[in-house]
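Asker: Got a structure here, written out as structure tokens. Questions coming.
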Amino acid sequence: KAVKTSIRDIIFENRDSEYRLSLPKTIVGAVFIAAGLVLGFAFKDLYLSSLAVLLLIVGSGLMIQFIVRKITWALAKFFGKRGMPVAELAATETGSKKPNSGNAVLAVSAVAAATAISIMASSILTALESPVYDTDIVISEASLKTDKYDYIEETEGVDDIEYLYRVSDNVSYDESVSFNPFEVLSLPDSTAYKAVGELPNELGKTEFIADRPAADKMGIGVGDSITLTFHSDGIFPIKKELTLTKVTDKTEFGSIGQIIISNDLYKDLFPDTVSAMLIRSSDPASLKAALEPTFTKGEKVQTMAEYDEESKQDSNVLTGGMLGVMIASVVLTLIGISGNQVIGFAARKKEYAMLHSCACSRSKIIRMILIENALLFGISCLMAAVICIPVSALISRIFILSQMGIYVDLEFSALFGCILILWIITMLTSLTPIKSLKKMNTAMELKYE
């Protein structure tokens with residue numbers, strides 16, 4: 001038995017703290033990641049996309065131990081050939097200790113989840129901060145026909161007014177789909193409505209524009225023709241064969257997917273019920289005070305300053321909530337990792353004492369601990385970054401399928417910036433074993449053993 005036991009294990013008696021790689025767990029992790037990619041990108045389904053995100057994050061947690069083991073063993077050989085004994089030992093220990101294995105799972109799962117939440121919060125914040133109107137007064141929640149609001153044009157202080165016509169309609173584009181709510185918008189007359197970006201001056205009756213969520217939902221691109229059935233859930237559905245002339249990457253927050261058609265086609269399909277009015281005025285506050293008493297159907301009158309303030313408050317509430325969840329997940333992970341660091345140090349005290357007694361200074365042992373954690377959390381964070389690339393695409397699809405009107409545009413610089421910050425935060429847990437090492441009495445530890 002002694003012949004089969006390595007010298008390192010005989011000296012340090014650390015076989016109980018060795019992590020034995022589980023092949024079944026590794027295979028399950030690989031299957032989860034493969035299943036997540038297939039379910040997420042092969043099927044356009046909200047629940048399958050959500051399940052795919054979960055499978056990818058859980059799968060990365062199951063795979064990380066195998067990845068850490070293979071990379072650190074390769075690094076140990078690399079450091080050994082270049083005469084770097086401290087780094088070689090650190091790399092060997094990183095991939096072989098049970099506490100390190102547990103920390104890798106915690107780190108990759110938390111970093112992937114925190115990064116995904118960060119991407120979601122950033123996308124929501126961008127959508128909320130994107131300008132919707134370029135005007136002085138916004139009158140929303142209108143519900144009457146145009147002629148009922150004619151008096152507004154004659155009101156003192158009104159320099160210009162634009163009526164927006166928009167309705168939520170069940171538009172069928174696939175015979176197998178019976179319920180597809182879209183916002184159908186008549187092409188605005190001016191550039192005051194900026195939510196969908198720059199629009200052409202006119203559209204033909206057989207042409208339409210769609211925002212990215214709507215186009216992705218229908219699976220079409222610019223130049224494609226499609227038969228859309230308006231009022232698909234009504235008594236008299238109307239079919240129109242239209243050609244997509246433009247896809248806008250911008251959309252209004254909360255949009256269920258916008259379809260923009262010509263004024264003539266809109267009049268053929270829907271009544272001229274106003275949805276909003278955009279007014280130019282040199283004195284918005286006075287004009288608002290004059291107009292508010294004239295509305296009796298629940299119309300909402302806001303100056304642009306009030307509208308922007310309301311949007312800012314909504315943004316703060318949403319992003320604050322998501323930031324709170326992200327911080328809570330990171331803090332809980334740090335607590336778990338710190339606990340593992342305490343357990344790991346307790347299990348390796350004799351090893352550290354033996355190293356210190358054999359002419360290995362405390363500074364070298366501290367450097368070894370730092371290298372171990374740098375490798376462990378570095379590999380875990382890189383794994384999380386790789387997983388977050390398909391996860392961000394799936395989050396964008398979830399936003400589209402859940403009709404939230406948010407399009408995720410992943411910026412790799414922001415992604416790796418977030419990963420770097422989280423790596424630095426996880427590295428702070430190294431202070432726990434370093435502090436304990438400085439207090440360790442080498443003679444007492446060896447005497448105790």
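Identifiers for the structure tokens are assigned positionally: chains receive A, B, ... in sequence, residues are indexed from 1 per chain, and ligands are indexed from 1 in the order shown.
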Mind the document's chain letters and residue numbers, and return as an MDAnalysis selection string the residues of range 240-440 of chain A that DSSP labels strand (DSSP E or B).

Answerer: chainID A and resid 240:248 258:261 273 276:280 300:303

Asker: Taking the chain letters and numbering used in this document, name the residues of range 157-388 of chain A that DSSP puts in alpha helix (DSSP H), as a ChimeraX atom specification.

Answerer: /A:212-218,263-269,284-291,304-347,349-357,362-388

Asker: Please measure the separation of CA of Thr191 in chain A and CA of Ile261 in chain A, giving the value in Å to one decimal.

Answerer: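 Spanning CA of Thr191 in chain A to CA of Ile261 in chain A is a straight-line distance of 15.7 Å.
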
Asker: Excluding range 301-309 of chain A and any residue of its chain fewer than 4 positions from it, enumerate the residues within 6 Å of it, using only C-alpha atoms, and give them as a ChimeraX atom specification.

Answerer: /A:136-139

Asker: Neighbours of Ala374 in chain A within 12 Å (only C-alpha atoms; same-chain residues fewer than 3 positions away dropped), as a PyMOL selection string?

Answerer: chain A and resi 68+72+87+90-91+94+100+103-104+107+367-371+377-382+420+423-430

Asker: What's the 9 Å shell around range 227-231 of chain A, counting only C-alpha atoms, without same-chain residues fewer than 6 positions away, as a VMD selection string?

Answerer: chain A and resid 169 to 174 237 to 243 269

Asker: Considering only C-alpha atoms, return as a list in words whatever protein or nucleic-acid residues lie within 8 Å of Ser338 in chain A, sequence-local ones (same chain, fewer than 4 positions apart) excluded.

Answerer: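 So, after excluding close chain neighbours, the residues are Leu334, Val342, Thr429 and Thr432 of chain A.
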
Asker: Closest to Asn180 in chain A among A:Val274, A:Met84, A:Leu199, A:Met218, using only C-alpha atoms?

Answerer: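 Ranking A:Val274, A:Met84, A:Leu199, A:Met218 by distance to Asn180 in chain A, first place goes to A:Met218.
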
Asker: Pick out the residues sitting within 12 Å of Ser282 in chain A, and hand them over as a PyMOL selection string; count only C-alpha atoms, and ignore anything fewer than 3 positions along from it in its own chain.

Answerer: chain A and resi 135-137+156-160+279+285-288+303

Asker: Write out, as a PDB file, in the first residue's frame, the residues just selected, with C-alpha atoms.

Answerer:
ATOM      1  CA  THR A 135     -41.898  67.322 -28.962  1.00  0.00           C
ATOM      2  CA  ASP A 136     -43.033  69.656 -26.165  1.00  0.00           C
ATOM      3  CA  ILE A 137     -46.280  68.052 -24.973  1.00  0.00           C
ATOM      4  CA  GLU A 156     -53.765  79.385 -28.024  1.00  0.00           C
ATOM      5  CA  GLY A 157     -50.154  78.265 -27.628  1.00  0.00           C
ATOM      6  CA  VAL A 158     -50.333  75.319 -30.052  1.00  0.00           C
ATOM      7  CA  ASP A 159     -47.660  75.813 -32.717  1.00  0.00           C
ATOM      8  CA  ASP A 160     -48.010  72.391 -34.345  1.00  0.00           C
ATOM      9  CA  ILE A 279     -47.763  69.132 -29.705  1.00  0.00           C
ATOM     10  CA  ALA A 285     -46.660  74.348 -18.961  1.00  0.00           C
ATOM     11  CA  SER A 286     -49.361  76.949 -19.678  1.00  0.00           C
ATOM     12  CA  LEU A 287     -50.731  74.934 -22.598  1.00  0.00           C
ATOM     13  CA  LYS A 288     -50.919  71.786 -20.488  1.00  0.00           C
ATOM     14  CA  THR A 303     -44.823  68.004 -20.838  1.00  0.00           C
TER      15      THR A 303
END

Asker: I need the residue nearest Val108 in chain A from this list: A:Leu56, A:Ala276, A:Leu187, A:Ile260. Use only C-alpha atoms for the distance.

Answerer: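 Among A:Leu56, A:Ala276, A:Leu187, A:Ile260, it is A:Leu56 that comes nearest to Val108 in chain A.
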
Asker: Enter the distance from CA of Ala414 in chain A to CA of Lys44 in chain A, in Å, rounded to one decimal.

Answerer: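 If I compute the distance from CA of Ala414 in chain A to CA of Lys44 in chain A, I get 27.0 Å.
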
Asker: Using only C-alpha atoms, which residue out of A:Lys97, A:Ile327, A:Glu445, A:Phe416 lies closest to Cys388 in chain A?

Answerer: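 When distances to Cys388 in chain A are compared using only C-alpha atoms, the smallest one comes from A:Phe416.
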
Asker: Here is a test: counting only C-alpha atoms, which residue of A:Val184, A:Ala210, A:Ala192, A:Met383 is nearest to Ile71 in chain A?

Answerer: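 Among the listed residues, the smallest separation from Ile71 in chain A belongs to A:Met383.
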
Asker: Once you count only C-alpha atoms, what closest atom pair and distance in Å to one decimal does each residue of range 65-160 of chain A within 9 Å of range 293-300 of chain A have, with rows by chain and rising residue number, as JSON lines?

Answerer:
{"residue": "A:Val138", "atom": "CA", "partner": "A:Lys300", "partner_atom": "CA", "distance": 8.0}
{"residue": "A:Ile139", "atom": "CA", "partner": "A:Lys300", "partner_atom": "CA", "distance": 5.5}
{"residue": "A:Ser140", "atom": "CA", "partner": "A:Lys300", "partner_atom": "CA", "distance": 5.2}
{"residue": "A:Glu141", "atom": "CA", "partner": "A:Glu299", "partner_atom": "CA", "distance": 5.0}
{"residue": "A:Ala142", "atom": "CA", "partner": "A:Glu299", "partner_atom": "CA", "distance": 5.1}
{"residue": "A:Ser143", "atom": "CA", "partner": "A:Lys297", "partner_atom": "CA", "distance": 7.2}
{"residue": "A:Leu144", "atom": "CA", "partner": "A:Lys297", "partner_atom": "CA", "distance": 8.3}

Asker: Provide the CA of Glu88 in chain A to CA of Asn373 in chain A distance in Å, to one decimal place.

Answerer: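 About the pair CA of Glu88 in chain A and CA of Asn373 in chain A: they are 13.5 Å apart.
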
Asker: Ranking A:Glu183, A:Glu351, A:Glu372, A:Glu411 by minimum distance to Ala76 in chain A and counting only C-alpha atoms, which one comes first?

Answerer: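 For Ala76 in chain A, the nearest of the given residues is A:Glu372.
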
Asker: With only C-alpha atoms as the atoms that count, which of A:Ser363, A:Ser436, A:Thr442, A:Ser315 lies nearest to Lys350 in chain A?

Answerer: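 Looking only at the distances to Lys350 in chain A, the closest residue turns out to be A:Thr442.
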